[in-house]
>>> print(open('work37.cif').read())   # mmCIF, C-alpha atoms
data_start
loop_
_atom_site.label_atom_id
_atom_site.label_comp_id
_atom_site.auth_asym_id
_atom_site.auth_seq_id
_atom_site.Cartn_x
_atom_site.Cartn_y
_atom_site.Cartn_z
CA MET A 222 0.00 0.00 0.00
CA LEU A 223 1.52 3.26 -1.16
CA LEU A 224 0.36 6.24 0.88
CA ARG A 225 1.26 9.87 0.41
CA LEU A 226 0.38 13.02 2.28
CA ASN A 227 -0.16 16.34 0.55
CA ALA A 228 2.20 18.98 1.94
CA THR A 229 -0.16 21.78 0.83
CA ASP A 230 -3.19 20.26 2.61
CA ASN A 231 -4.03 22.32 5.70
CA ARG A 232 -6.06 19.58 7.44
CA PRO A 233 -4.53 18.07 10.59
CA LEU A 234 -2.03 15.30 9.83
CA HIS A 235 -4.08 12.55 11.50
CA GLU A 236 -7.00 13.42 9.18
CA GLN A 237 -4.68 13.27 6.19
CA VAL A 238 -3.41 9.85 7.30
CA ALA A 239 -6.99 8.60 7.70
CA GLY A 240 -7.91 10.05 4.30
CA ALA A 241 -4.95 8.39 2.58
CA ILE A 242 -5.88 4.99 4.02
CA ARG A 243 -9.57 5.60 3.24
CA ARG A 244 -8.64 6.30 -0.40
CA ALA A 245 -6.48 3.17 -0.59
CA VAL A 246 -9.44 1.09 0.62
CA ALA A 247 -11.93 2.81 -1.71
CA GLU A 248 -9.61 2.33 -4.70
CA GLY A 249 -9.11 -1.36 -3.93
CA GLU A 250 -5.44 -1.21 -2.96
CA CYS A 251 -6.39 -3.21 0.11
CA GLY A 252 -9.56 -5.15 0.69
CA PRO A 253 -11.54 -6.77 3.49
CA GLY A 254 -9.36 -8.89 5.73
CA ASP A 255 -6.11 -7.35 4.46
CA ARG A 256 -3.66 -6.42 7.16
CA LEU A 257 -2.21 -2.92 7.32
CA PRO A 258 1.47 -2.37 8.01
CA PRO A 259 2.32 -1.63 11.65
CA ALA A 260 1.78 1.99 12.73
CA ARG A 261 5.52 2.41 13.25
CA ASP A 262 6.20 1.43 9.61
CA LEU A 263 3.44 3.72 8.35
CA SER A 264 4.80 6.62 10.39
CA ARG A 265 8.28 6.15 8.91
CA ALA A 266 6.92 5.91 5.37
CA LEU A 267 4.77 9.02 5.78
CA GLY A 268 7.30 11.00 7.78
CA VAL A 269 4.96 11.65 10.70
CA ASN A 270 4.88 10.72 14.37
CA VAL A 271 3.58 7.24 15.23
CA ASN A 272 0.92 8.81 17.50
CA THR A 273 -0.39 10.75 14.50
CA VAL A 274 -0.78 7.48 12.58
CA LEU A 275 -2.45 5.79 15.55
CA ARG A 276 -4.93 8.65 15.85
CA GLY A 277 -5.80 8.32 12.15
CA LEU A 278 -6.19 4.54 12.52
CA ARG A 279 -8.49 4.99 15.53
CA THR A 280 -10.64 7.38 13.50
CA LEU A 281 -11.02 4.72 10.80
CA ARG A 282 -11.79 2.08 13.41
CA ASP A 283 -14.52 4.31 14.84
CA GLU A 284 -15.93 4.75 11.31
CA GLY A 285 -16.08 0.96 10.92
CA LEU A 286 -13.44 0.79 8.18
CA LEU A 287 -10.76 -0.95 10.22
CA GLU A 288 -10.72 -3.63 12.88
CA PHE A 289 -8.12 -3.83 15.63
CA ARG A 290 -7.46 -7.40 16.70
CA ARG A 291 -4.96 -8.48 19.30
CA GLY A 292 -2.37 -10.70 17.66
CA ARG A 293 -3.60 -9.95 14.14
CA GLY A 294 -2.93 -6.23 14.00
CA VAL A 295 -5.10 -3.80 12.07
CA THR A 296 -7.20 -5.23 9.25
CA VAL A 297 -9.66 -3.80 6.75
CA ALA A 298 -13.26 -4.51 7.82
CA ASP A 299 -15.82 -6.28 5.65
CA GLY A 300 -17.72 -3.79 3.48
CA ALA A 301 -15.08 -1.14 4.10
CA GLU A 302 -14.69 -0.12 0.46
CA GLN A 303 -18.37 0.84 0.08
CA ARG A 304 -18.44 2.56 3.47
CA SER A 305 -15.23 4.43 2.65
CA ALA A 306 -16.61 5.72 -0.65
CA LEU A 307 -19.86 6.79 1.04
CA LEU A 308 -18.01 8.61 3.84
CA ASP A 309 -15.97 10.51 1.25
CA ARG A 310 -19.18 11.63 -0.45
CA VAL A 311 -20.68 12.68 2.87
CA ARG A 312 -17.59 14.73 3.69
CA GLU A 313 -17.83 16.44 0.31
CA LEU A 314 -21.50 17.20 0.98
CA VAL A 315 -20.72 18.71 4.39
CA THR A 316 -17.93 20.82 2.86
CA ASP A 317 -20.14 22.01 0.00
CA ALA A 318 -22.97 22.82 2.42
CA ALA A 319 -20.61 24.81 4.65
CA HIS A 320 -19.52 26.89 1.65
CA LEU A 321 -23.20 27.67 1.04
CA GLY A 322 -23.78 28.62 4.66
CA TYR A 323 -25.48 25.43 5.86
CA GLY A 324 -24.44 23.61 9.02
CA LYS A 325 -24.58 19.92 9.82
CA SER A 326 -27.91 20.34 11.61
CA ASP A 327 -29.34 21.92 8.46
CA LEU A 328 -28.21 18.92 6.43
CA ILE A 329 -29.74 16.53 8.95
CA GLU A 330 -33.08 18.32 8.65
CA MET A 331 -32.84 18.18 4.84
CA ILE A 332 -32.15 14.45 4.95
CA ARG A 333 -35.04 13.83 7.37
CA GLY A 334 -37.32 15.63 4.91
CA LEU A 335 -36.44 13.26 2.05
CA PRO A 336 -38.98 10.62 1.06
#
>>> encode(input="work37.cif", output="structure tokens")
Amino acid sequence: MLLRLNATDNRPLHEQVAGAIRRAVAEGECGPGDRLPPARDLSRALGVNVNTVLRGLRTLRDEGLLEFRRGRGVTVADGAEQRSALLDRVRELVTDAAHLGYGKSDLIEMIRGLP
């Protein structure tokens, strides 16, 4: 899995790490059940602190994209590629809505009003 961070991106590094892994899953570079490299290896490859990588991995675990298993390391969860793609679209929607002056609560109300 080849991950890169964008030096011009002004998002926090842990979000960039999570986004890079999310993209790799969505693009099929790694699939359900695949094991990710250890956080220490990822941190060296990306040039960031291991705690930054761990924070990004925890975010993806909380989103249901990764599973942490003692003795097996971090693996990609079943259905992660579809969930990853959907989460990317939701993030784009939230960003677009913010540019138009809508908050998350406004979006929630719009979604509740859908048939």
>>> resolve_selection(input="work37.cif", expression="the PyMOL selection byres ((chain A and resi 234) around 12)", output="list in words")
Arg225, Leu226, Asn227, Ala228, Thr229, Asp230, Asn231, Arg232, Pro233, His235, Glu236, Gln237, Val238, Ala239, Gly240, Ala241, Ser264, Leu267, Gly268, Val269, Asn270, Val271, Asn272, Thr273, Val274, Leu275, Arg276, Gly277 and Leu278 of chain A
>>> write_last_selection(input="work37.cif", atoms="C-alpha atoms", output="PDB file, in the frame of the given file")
ATOM      1  CA  ARG A 225       1.260   9.870   0.410  1.00  0.00           C
ATOM      2  CA  LEU A 226       0.380  13.020   2.280  1.00  0.00           C
ATOM      3  CA  ASN A 227      -0.160  16.340   0.550  1.00  0.00           C
ATOM      4  CA  ALA A 228       2.200  18.980   1.940  1.00  0.00           C
ATOM      5  CA  THR A 229      -0.160  21.780   0.830  1.00  0.00           C
ATOM      6  CA  ASP A 230      -3.190  20.260   2.610  1.00  0.00           C
ATOM      7  CA  ASN A 231      -4.030  22.320   5.700  1.00  0.00           C
ATOM      8  CA  ARG A 232      -6.060  19.580   7.440  1.00  0.00           C
ATOM      9  CA  PRO A 233      -4.530  18.070  10.590  1.00  0.00           C
ATOM     10  CA  HIS A 235      -4.080  12.550  11.500  1.00  0.00           C
ATOM     11  CA  GLU A 236      -7.000  13.420   9.180  1.00  0.00           C
ATOM     12  CA  GLN A 237      -4.680  13.270   6.190  1.00  0.00           C
ATOM     13  CA  VAL A 238      -3.410   9.850   7.300  1.00  0.00           C
ATOM     14  CA  ALA A 239      -6.990   8.600   7.700  1.00  0.00           C
ATOM     15  CA  GLY A 240      -7.910  10.050   4.300  1.00  0.00           C
ATOM     16  CA  ALA A 241      -4.950   8.390   2.580  1.00  0.00           C
ATOM     17  CA  SER A 264       4.800   6.620  10.390  1.00  0.00           C
ATOM     18  CA  LEU A 267       4.770   9.020   5.780  1.00  0.00           C
ATOM     19  CA  GLY A 268       7.300  11.000   7.780  1.00  0.00           C
ATOM     20  CA  VAL A 269       4.960  11.650  10.700  1.00  0.00           C
ATOM     21  CA  ASN A 270       4.880  10.720  14.370  1.00  0.00           C
ATOM     22  CA  VAL A 271       3.580   7.240  15.230  1.00  0.00           C
ATOM     23  CA  ASN A 272       0.920   8.810  17.500  1.00  0.00           C
ATOM     24  CA  THR A 273      -0.390  10.750  14.500  1.00  0.00           C
ATOM     25  CA  VAL A 274      -0.780   7.480  12.580  1.00  0.00           C
ATOM     26  CA  LEU A 275      -2.450   5.790  15.550  1.00  0.00           C
ATOM     27  CA  ARG A 276      -4.930   8.650  15.850  1.00  0.00           C
ATOM     28  CA  GLY A 277      -5.800   8.320  12.150  1.00  0.00           C
ATOM     29  CA  LEU A 278      -6.190   4.540  12.520  1.00  0.00           C
TER      30      LEU A 278
END
>>> atom_distance(input="work37.cif", atom1="atom CA of A:Arg310", atom2="atom CA of A:Leu224")
20.3 Å
>>> atom_distance(input="work37.cif", atom1="atom CA of A:Leu257", atom2="atom CA of A:Leu307")
21.1 Å
>>> atom_distance(input="work37.cif", atom1="atom CA of A:Asp255", atom2="atom CA of A:Glu313")
26.8 Å
>>> closest_residue(input="work37.cif", among="A:Arg256, A:Arg243, A:Arg265, A:His320", to="A:Gly285", atoms="all atoms listed in the file")
A:Arg243
>>> closest_residue(input="work37.cif", among="A:Ala301, A:Ala306, A:Val295, A:Leu287", to="A:Ala260", atoms="all atoms listed in the file")
A:Val295
>>> resolve_selection(input="work37.cif", expression="the PyMOL selection byres ((chain A and resi 251) around 12)", output="JSON, numbers by chain")
{"A": [222, 223, 224, 241, 242, 243, 244, 245, 246, 247, 248, 249, 250, 252, 253, 254, 255, 256, 257, 258, 286, 287, 296, 297, 298, 299, 300, 301, 302, 305]}
>>> closest_residue(input="work37.cif", among="A:Leu314, A:Ala266, A:Leu308, A:Leu281", to="A:Leu328", atoms="all atoms listed in the file")
A:Leu314
>>> closest_residue(input="work37.cif", among="A:Pro259, A:Ser326, A:Val311, A:Asp317", to="A:Phe289", atoms="all atoms listed in the file")
A:Pro259
>>> closest_residue(input="work37.cif", among="A:Lys325, A:Glu284, A:Gly334, A:Ala318", to="A:Arg304", atoms="all atoms listed in the file")
A:Glu284
